[in-house]
Amino acid sequence: LKSDRAISQLIEHSMQLGVSAAKSIPAHKVSVEARFADYCGQQPCPGFGKSINCPPHAMHPDQFRGLLAQHHTALVFKFDVPTKILQSDERLELFKKLHLCASELELKALDLGFNKAHGLAAGSCWQVFCADKGDCTALTDPSKCRYPHKARPSVSSQGVDVYKLCEELDWSINRITKETDPDSVPMGLLAALVLLG
Ligand code: SF4
């Protein structure tokens with residue numbers, strides 16, 4: 001099938017971008033629950049409310065479910081990351097990588113004929129791209145994002161259940177918090193995706 005070949009090309013391209021693994025899954029297997037987007041405000045994440053790509057400004061998970069239904073496949077990619085890095089500010093560099101990979105793969109997918117390609121990253125675009133520049137310029141006008149070719153909404157902001165997704169893909173995932181002992185749980189992961197349709 002033409003689209004199978006194109007998906008293999010996208011997986012190959014993901015590996016060239018340095019991801020630890022990439023796999024495709026039927027889009028309907030991506031589970032979405034509003035409570036994951038609610039966590040952004042409950043933790044709270046420093047990016048909460050700061051950009052159009054994060055709650056409460058980002059697309060609501062209920063709306064995102066509708067968008068998901070217009071796609072047949074999700075290309076999911078991950079970076080395996082030492083727990084110590086996830087617990088430090090160094091994780092912001094990794095979040096940036098996820099934004100760059102999601103936007104690059106979205107572009108590649110569009111080139112390959114997936115006209116509805118839609119990339120989601122992980123983490124707040126404001127934190128990785130704009131925190132040192134001021135407020136999100138897209139809050140007043142969505143066409144005014146400083147980095148439209150790099151910044152994407154995060155999987156969490158759309159309510160994607162990353163744990164269930166990793167289970168579906170047979171990727172072992174540990175929940176990492178500030179309290180996690182890196183000696184007992186040395187590795188975690190960051191995952192993001194591109195919807196194909
Ligand atoms: S200007 Fe763009 S990259 Fe910066 S915070 Fe807003 S949406 Fe994110």
# chains A, B, ... in the order shown; residues from 1 in each chain; ligands from 1
call {"tool": "select_by_dssp", "arguments": {"residues": "chain A", "states": "alpha helix (DSSP H)", "output": "PyMOL selection string"}}
result
chain A and resi 2-16+34-42+61-68+83-86+91-111+125+162-169
call {"tool": "residues_near_ligand", "arguments": {"ligand": "ligand 1", "cutoff": "10 Å", "atoms": "only C-alpha atoms and all ligand atoms", "output": "PyMOL selection string"}}
result
chain A and resi 47+49-54+58+99+124-153
call {"tool": "residues_around", "arguments": {"residues": "A:Asp38", "least_positions_apart": "5", "cutoff": "9 Å", "atoms": "only C-alpha atoms", "output": "list in words"}}
result
Gln43, Pro55, Pro56, Ser156, Ser157 and Gly159 of chain A
call {"tool": "closest_atom_pairs", "arguments": {"of": "stretch 104-160 of chain A", "to": "stretch 14-35 of chain A", "cutoff": "8 Å", "atoms": "only C-alpha atoms", "output": "Markdown table"}}
result
| residue | atom | partner | partner_atom | distance |
| --- | --- | --- | --- | --- |
| A:Leu105 | CA | A:Ser14 | CA | 7.1 |
| A:Gln158 | CA | A:Val32 | CA | 7.4 |
| A:Gly159 | CA | A:Glu33 | CA | 4.9 |
| A:Val160 | CA | A:Val32 | CA | 4.5 |
call {"tool": "write_last_selection", "arguments": {"atoms": "all heavy atoms", "output": "compact mmCIF listing (two decimals), in the first residue's frame"}}
result
# COMPACT_ATOMS: atom_id res chain seq x y z
N LEU A 105 8.38 16.19 11.36
CA LEU A 105 7.68 15.00 10.85
C LEU A 105 6.33 15.37 10.26
O LEU A 105 5.88 14.76 9.29
CB LEU A 105 7.52 13.96 11.97
CG LEU A 105 8.83 13.28 12.39
CD1 LEU A 105 8.63 12.46 13.67
CD2 LEU A 105 9.36 12.39 11.27
N GLN A 158 -3.73 18.06 25.07
CA GLN A 158 -4.88 17.55 24.31
C GLN A 158 -5.53 16.35 25.02
O GLN A 158 -6.45 15.74 24.50
CB GLN A 158 -4.44 17.12 22.90
CG GLN A 158 -3.64 18.19 22.18
CD GLN A 158 -4.45 19.43 21.85
OE1 GLN A 158 -5.02 19.55 20.78
NE2 GLN A 158 -4.53 20.36 22.79
N GLY A 159 -4.99 16.00 26.18
CA GLY A 159 -5.58 14.91 26.97
C GLY A 159 -5.15 13.52 26.52
O GLY A 159 -5.78 12.52 26.90
N VAL A 160 -4.05 13.42 25.74
CA VAL A 160 -3.60 12.09 25.31
C VAL A 160 -3.08 11.30 26.52
O VAL A 160 -2.30 11.82 27.31
CB VAL A 160 -2.48 12.21 24.24
CG1 VAL A 160 -1.88 10.85 23.91
CG2 VAL A 160 -3.02 12.88 22.98
call {"tool": "atom_distance", "arguments": {"atom1": "atom CA of A:Leu189", "atom2": "atom CA of A:Arg5"}}
result
27.2 Å
call {"tool": "residues_around", "arguments": {"residues": "A:Ile7", "least_positions_apart": "2", "cutoff": "12 Å", "atoms": "only C-alpha atoms", "output": "ChimeraX atom specification"}}
result
/A:1-5,9-14,22-26,72-76,105-106,108-114,117,194-197
call {"tool": "atom_distance", "arguments": {"atom1": "atom CA of A:Gly66", "atom2": "atom CA of A:Asn115"}}
result
16.5 Å
call {"tool": "closest_residue", "arguments": {"among": "A:Leu86, A:Leu107, A:Cys40, A:Leu100", "to": "A:Arg175", "atoms": "only C-alpha atoms"}}
result
A:Leu86
call {"tool": "closest_residue", "arguments": {"among": "A:Arg65, A:Arg91, A:His71, A:His57", "to": "A:Leu190", "atoms": "only C-alpha atoms"}}
result
A:Arg91
call {"tool": "decode", "arguments": {"residues": "stretch 62-74 of chain A", "atoms": "all heavy atoms", "output": "PDB file, in the first residue's frame"}}
result
ATOM      1  N   ASP A  62     -12.053  17.402  24.281  1.00  0.00           N
ATOM      2  CA  ASP A  62     -13.290  16.982  23.595  1.00  0.00           C
ATOM      3  C   ASP A  62     -13.244  17.355  22.112  1.00  0.00           C
ATOM      4  O   ASP A  62     -13.684  16.599  21.251  1.00  0.00           O
ATOM      5  CB  ASP A  62     -14.526  17.653  24.217  1.00  0.00           C
ATOM      6  CG  ASP A  62     -14.790  17.102  25.597  1.00  0.00           C
ATOM      7  OD1 ASP A  62     -14.297  16.004  25.905  1.00  0.00           O
ATOM      8  OD2 ASP A  62     -15.487  17.787  26.382  1.00  0.00           O
ATOM      9  N   GLN A  63     -12.696  18.530  21.849  1.00  0.00           N
ATOM     10  CA  GLN A  63     -12.543  18.980  20.458  1.00  0.00           C
ATOM     11  C   GLN A  63     -11.455  18.144  19.764  1.00  0.00           C
ATOM     12  O   GLN A  63     -11.569  17.800  18.607  1.00  0.00           O
ATOM     13  CB  GLN A  63     -12.048  20.415  20.483  1.00  0.00           C
ATOM     14  CG  GLN A  63     -12.985  21.464  19.928  1.00  0.00           C
ATOM     15  CD  GLN A  63     -12.283  22.816  20.054  1.00  0.00           C
ATOM     16  OE1 GLN A  63     -11.830  23.206  21.146  1.00  0.00           O
ATOM     17  NE2 GLN A  63     -12.174  23.509  18.947  1.00  0.00           N
ATOM     18  N   PHE A  64     -10.399  17.863  20.534  1.00  0.00           N
ATOM     19  CA  PHE A  64      -9.287  17.091  19.970  1.00  0.00           C
ATOM     20  C   PHE A  64      -9.758  15.706  19.535  1.00  0.00           C
ATOM     21  O   PHE A  64      -9.308  15.184  18.509  1.00  0.00           O
ATOM     22  CB  PHE A  64      -8.130  16.985  20.970  1.00  0.00           C
ATOM     23  CG  PHE A  64      -6.990  16.149  20.455  1.00  0.00           C
ATOM     24  CD1 PHE A  64      -6.211  16.596  19.396  1.00  0.00           C
ATOM     25  CD2 PHE A  64      -6.730  14.896  20.985  1.00  0.00           C
ATOM     26  CE1 PHE A  64      -5.180  15.816  18.883  1.00  0.00           C
ATOM     27  CE2 PHE A  64      -5.702  14.106  20.477  1.00  0.00           C
ATOM     28  CZ  PHE A  64      -4.932  14.566  19.433  1.00  0.00           C
ATOM     29  N   ARG A  65     -10.693  15.095  20.304  1.00  0.00           N
ATOM     30  CA  ARG A  65     -11.242  13.786  19.914  1.00  0.00           C
ATOM     31  C   ARG A  65     -11.828  13.849  18.503  1.00  0.00           C
ATOM     32  O   ARG A  65     -11.688  12.931  17.714  1.00  0.00           O
ATOM     33  CB  ARG A  65     -12.331  13.353  20.890  1.00  0.00           C
ATOM     34  CG  ARG A  65     -11.804  12.361  21.875  1.00  0.00           C
ATOM     35  CD  ARG A  65     -12.907  11.740  22.708  1.00  0.00           C
ATOM     36  NE  ARG A  65     -12.451  11.709  24.071  1.00  0.00           N
ATOM     37  CZ  ARG A  65     -12.802  12.546  25.020  1.00  0.00           C
ATOM     38  NH1 ARG A  65     -13.707  13.461  24.784  1.00  0.00           N
ATOM     39  NH2 ARG A  65     -12.283  12.459  26.221  1.00  0.00           N
ATOM     40  N   GLY A  66     -12.499  14.970  18.185  1.00  0.00           N
ATOM     41  CA  GLY A  66     -13.084  15.154  16.857  1.00  0.00           C
ATOM     42  C   GLY A  66     -11.998  15.208  15.796  1.00  0.00           C
ATOM     43  O   GLY A  66     -12.129  14.625  14.720  1.00  0.00           O
ATOM     44  N   LEU A  67     -10.912  15.900  16.120  1.00  0.00           N
ATOM     45  CA  LEU A  67      -9.787  16.006  15.173  1.00  0.00           C
ATOM     46  C   LEU A  67      -9.148  14.631  14.956  1.00  0.00           C
ATOM     47  O   LEU A  67      -8.844  14.226  13.829  1.00  0.00           O
ATOM     48  CB  LEU A  67      -8.760  16.998  15.729  1.00  0.00           C
ATOM     49  CG  LEU A  67      -7.557  17.263  14.855  1.00  0.00           C
ATOM     50  CD1 LEU A  67      -7.909  18.263  13.759  1.00  0.00           C
ATOM     51  CD2 LEU A  67      -6.398  17.809  15.657  1.00  0.00           C
ATOM     52  N   LEU A  68      -8.989  13.918  16.055  1.00  0.00           N
ATOM     53  CA  LEU A  68      -8.392  12.576  16.010  1.00  0.00           C
ATOM     54  C   LEU A  68      -9.198  11.669  15.072  1.00  0.00           C
ATOM     55  O   LEU A  68      -8.637  10.886  14.299  1.00  0.00           O
ATOM     56  CB  LEU A  68      -8.393  12.026  17.442  1.00  0.00           C
ATOM     57  CG  LEU A  68      -7.681  10.728  17.755  1.00  0.00           C
ATOM     58  CD1 LEU A  68      -6.205  10.820  17.393  1.00  0.00           C
ATOM     59  CD2 LEU A  68      -7.831  10.400  19.242  1.00  0.00           C
ATOM     60  N   ALA A  69     -10.517  11.797  15.136  1.00  0.00           N
ATOM     61  CA  ALA A  69     -11.403  10.946  14.330  1.00  0.00           C
ATOM     62  C   ALA A  69     -11.222  11.185  12.832  1.00  0.00           C
ATOM     63  O   ALA A  69     -11.645  10.367  12.019  1.00  0.00           O
ATOM     64  CB  ALA A  69     -12.853  11.189  14.737  1.00  0.00           C
ATOM     65  N   GLN A  70     -10.601  12.303  12.461  1.00  0.00           N
ATOM     66  CA  GLN A  70     -10.380  12.573  11.034  1.00  0.00           C
ATOM     67  C   GLN A  70      -9.062  11.967  10.533  1.00  0.00           C
ATOM     68  O   GLN A  70      -8.648  12.209   9.415  1.00  0.00           O
ATOM     69  CB  GLN A  70     -10.333  14.085  10.789  1.00  0.00           C
ATOM     70  CG  GLN A  70     -11.640  14.786  11.099  1.00  0.00           C
ATOM     71  CD  GLN A  70     -11.443  16.299  11.128  1.00  0.00           C
ATOM     72  OE1 GLN A  70     -10.559  16.833  10.469  1.00  0.00           O
ATOM     73  NE2 GLN A  70     -12.268  16.968  11.901  1.00  0.00           N
ATOM     74  N   HIS A  71      -8.355  11.239  11.412  1.00  0.00           N
ATOM     75  CA  HIS A  71      -7.063  10.656  11.048  1.00  0.00           C
ATOM     76  C   HIS A  71      -7.132   9.132  11.157  1.00  0.00           C
ATOM     77  O   HIS A  71      -7.853   8.617  12.008  1.00  0.00           O
ATOM     78  CB  HIS A  71      -5.962  11.196  11.964  1.00  0.00           C
ATOM     79  CG  HIS A  71      -5.742  12.668  11.804  1.00  0.00           C
ATOM     80  ND1 HIS A  71      -6.546  13.604  12.405  1.00  0.00           N
ATOM     81  CD2 HIS A  71      -4.831  13.353  11.071  1.00  0.00           C
ATOM     82  CE1 HIS A  71      -6.126  14.828  12.055  1.00  0.00           C
ATOM     83  NE2 HIS A  71      -5.094  14.699  11.249  1.00  0.00           N
ATOM     84  N   HIS A  72      -6.351   8.439  10.326  1.00  0.00           N
ATOM     85  CA  HIS A  72      -6.386   6.972  10.400  1.00  0.00           C
ATOM     86  C   HIS A  72      -5.233   6.392  11.210  1.00  0.00           C
ATOM     87  O   HIS A  72      -5.314   5.286  11.728  1.00  0.00           O
ATOM     88  CB  HIS A  72      -6.405   6.346   8.990  1.00  0.00           C
ATOM     89  CG  HIS A  72      -5.344   6.871   8.063  1.00  0.00           C
ATOM     90  ND1 HIS A  72      -4.031   6.501   8.165  1.00  0.00           N
ATOM     91  CD2 HIS A  72      -5.418   7.761   7.028  1.00  0.00           C
ATOM     92  CE1 HIS A  72      -3.331   7.125   7.215  1.00  0.00           C
ATOM     93  NE2 HIS A  72      -4.145   7.902   6.515  1.00  0.00           N
ATOM     94  N   THR A  73      -4.144   7.142  11.301  1.00  0.00           N
ATOM     95  CA  THR A  73      -2.929   6.587  11.925  1.00  0.00           C
ATOM     96  C   THR A  73      -2.275   7.625  12.829  1.00  0.00           C
ATOM     97  O   THR A  73      -2.354   8.826  12.546  1.00  0.00           O
ATOM     98  CB  THR A  73      -1.911   6.187  10.812  1.00  0.00           C
ATOM     99  OG1 THR A  73      -2.553   5.272   9.925  1.00  0.00           O
ATOM    100  CG2 THR A  73      -0.658   5.538  11.370  1.00  0.00           C
ATOM    101  N   ALA A  74      -1.642   7.135  13.891  1.00  0.00           N
ATOM    102  CA  ALA A  74      -0.775   8.019  14.686  1.00  0.00           C
ATOM    103  C   ALA A  74       0.634   7.458  14.599  1.00  0.00           C
ATOM    104  O   ALA A  74       0.842   6.263  14.844  1.00  0.00           O
ATOM    105  CB  ALA A  74      -1.240   8.055  16.138  1.00  0.00           C
TER     106      ALA A  74
END
